[in-house]
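Data first, discussion second: the structure below is written as structure tokens.
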Number of protein chains: 2
Amino acid sequence: MSSPATTVPLLPDAIYEQLRSSILNQQDAPGSSITESAVTLRFGVARPTARTAIERLVTEGLLRREAHHTARVPELSRDDIVDLYDSRAIVEGAAIAALASGGTIPAEALSAHRELQAGGENAPFATQDIAFHRALVAGQPSARLSRMHALLMGEIELCIGQVQVNQLLTAGEIAGQHQGILDAVTAGNATLAEQLTRAHIHGSRDRLLGHFDARSAP
Amino acid sequence: MSSPATTVPLLPDAIYEQLRSSILNQQDAPGSSITESAVTLRFGVARPTARTAIERLVTEGLLRREAHHTARVPELSRDDIVDLYDSRAIVEGAAIAALASGGTIPAEALSAHRELQAGGENAPFATQDIAFHRALVAGQPSARLSRMHALLMGEIELCIGQVQVNQLLTAGEIAGQHQGILDAVTAGNATLAEQLTRAHIHGSRDRLLGHFDARSAP
DNA sequence: TCTGCTAGATTGTCAGACAATCCGGTTCAA
DNA sequence: TTGAACCGGATTGTCTGACAATCTAGCAGA
């Protein structure tokens, strides 16, 4: 049914999405280079189309490039991880505090939270975890805080993927901490909500750093 | 010497810059629309070129557009101003605190500060004020904090323009507050530096809001 | 072995075209 | 007279293709 054979030629959005998940899945490993022509061949589109998709990923931090050089999947350094999580703690903490004193919990955040709980201890959690945090920040009134948070979350997804693959945290732990944040928000306790959010983020950061240090000093 | 008649065809950067200052100067008034074809004619380039320049301004917040609609220069509402300055206080406060506990004051910040002082009481201050804040944040170690700050400063420039035109603050007042921030940073007092920064930003916000309210209730 | 140069690959920028979508005024019917 | 459907112009979304500028790497020569 529905539209028969329209086959909407393929937005450049589609390329962006494909490349994005391809990077997050580590199918394009960190350090590997992604040329415009490669993307052109891979998706059968014109180079400018591939180019805009790449540029979008660069602004999100999922790719890096300098002028006249090929775009590469970033290898996040220890400093990158620290910077990323600390910056996120600042912005997301402020956002959750605003939500606690002003708004109400968005439906998307609740459903992501329930899916996370339902998945059980060892279920993959990255998708729902990200969705939960994104939805919570998006539901808060400040548009600028949301925009800044979105700017960070691309790179954060790269990190969360690592946390999941290496089982540095379980779905149960995460769900528990999320529950605490939700309770503080519904109680209208902005200070506690911000504190729990920052603790949650820093906890995740420290697990990842521990893993990083263990691997790099064999 | 130098290259004789190369006449570097004009990067799309140039268009971006021109449009940017054209918006900040209010030559393109808030509310006016900027079509891709108009930019094409105005600069004698191809539409895709004009398009990318516009897209860049949109991501910076200096233009707004929805799908299939013409880009417009935003008319900042009261809520926009509050959101903008409050978000900026959060990010810039954190950045200055980091600078106070870690780094040293960048040379660009100092020179902008001196120019501001040398200009005298009633001199135009917008350019140096912006340069000072940008340089200070750029000199601090966190790359993500810098990126987020840059995302805000486009729209902030729109506001500072208003402050200058309507003489809501004098160069002297601003320079004095900047001096206080610099002193706190060199003293390594992160808490004080953050506090002064937030107060500086909120003060500017309140002047602008006062003006806004006076105009809208005649 | 080191230095300079050439060739291939890659990006930066541009021009032009067609389809899809939106906006305004006009026309027709109730 | 009022309201809603319709139609034409304007604008954006996307694509194709081309050429110039720049970088990287390998080869030749000292």
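FYI, nothing fancy with the structure tokens labels: chains A, B, ... in order, residues from 1 per chain, ligands from 1 as they appear.
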Which residues of chain B have any atom within 7 Å of an atom in chain A when counting only C-alpha atoms, and what is the closest pair of atoms for each, with the distance in Å to one decimal? Order the rows by chain and rising number and write it as CSV.
```
residue,atom,partner,partner_atom,distance
B:Asp83,CA,A:Ser142,CA,6.0
B:Leu84,CA,A:Arg144,CA,6.6
B:Ser87,CA,A:Leu145,CA,6.3
B:Ser142,CA,A:Asp83,CA,6.0
B:Arg144,CA,A:Ser87,CA,6.6
B:Leu145,CA,A:Ser87,CA,6.2
B:Met148,CA,A:Met148,CA,5.6
```
For chain B, work out the contacting residues on chain C at 7 Å, counting only C-alpha atoms (C1' of nucleotides), and write them as a PDB file with C-alpha atoms (C1' of nucleotides), in the first residue's frame.
```pdb
ATOM      1  C1'  DC C  14      31.356  26.923  -9.060  1.00  0.00           C
ATOM      2  C1'  DA C  15      27.455  26.758 -12.695  1.00  0.00           C
ATOM      3  C1'  DT C  21       6.705  22.574  -1.946  1.00  0.00           C
ATOM      4  C1'  DC C  22       4.682  26.812  -0.303  1.00  0.00           C
TER       5       DC C  22
END
```
Just how far from atom CA of Ile174 of chain A is atom CA of Leu24 of chain A, in Å to one decimal? 20.1 Å
Chain D residues within 9 Å of chain B, counting only C-alpha atoms (C1' of nucleotides): which ones, as a PyMOL selection string? chain D and resi 11-13
Emit the selected residues as a PDB file, in the first residue's frame, including N, CA and C atoms (P, O5', C5', C4', C3', O3' and C1' of nucleotides).
```pdb
ATOM      1  P    DT D  11      10.985  34.809  -4.537  1.00  0.00           P
ATOM      2  O5'  DT D  11      11.373  33.446  -3.819  1.00  0.00           O
ATOM      3  C5'  DT D  11      10.573  32.978  -2.744  1.00  0.00           C
ATOM      4  C4'  DT D  11      10.998  31.570  -2.361  1.00  0.00           C
ATOM      5  C3'  DT D  11      12.510  31.343  -2.373  1.00  0.00           C
ATOM      6  O3'  DT D  11      12.942  31.029  -1.057  1.00  0.00           O
ATOM      7  C1'  DT D  11      11.332  29.549  -3.409  1.00  0.00           C
ATOM      8  P    DT D  12      14.486  30.680  -0.767  1.00  0.00           P
ATOM      9  O5'  DT D  12      14.399  29.108  -0.524  1.00  0.00           O
ATOM     10  C5'  DT D  12      13.425  28.610   0.388  1.00  0.00           C
ATOM     11  C4'  DT D  12      13.221  27.125   0.172  1.00  0.00           C
ATOM     12  C3'  DT D  12      14.455  26.263   0.442  1.00  0.00           C
ATOM     13  O3'  DT D  12      14.070  25.149   1.236  1.00  0.00           O
ATOM     14  C1'  DT D  12      13.589  25.775  -1.684  1.00  0.00           C
ATOM     15  P    DG D  13      15.191  24.127   1.777  1.00  0.00           P
ATOM     16  O5'  DG D  13      15.119  22.946   0.728  1.00  0.00           O
ATOM     17  C5'  DG D  13      14.088  21.974   0.858  1.00  0.00           C
ATOM     18  C4'  DG D  13      14.384  20.751   0.004  1.00  0.00           C
ATOM     19  C3'  DG D  13      15.755  20.121   0.255  1.00  0.00           C
ATOM     20  O3'  DG D  13      15.611  18.701   0.301  1.00  0.00           O
ATOM     21  C1'  DG D  13      15.551  20.713  -2.032  1.00  0.00           C
TER      22       DG D  13
END
```
Within 10 Å of Gln162 of chain B using only C-alpha atoms (C1' of nucleotides), minus same-chain residues under 5 positions, as a list in words: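 Listing them by chain and then by number gives Leu24, Gln26, Ala126, Ile156, Glu157, Gln167, Leu168, Leu208, His211 and Phe212 of chain B.
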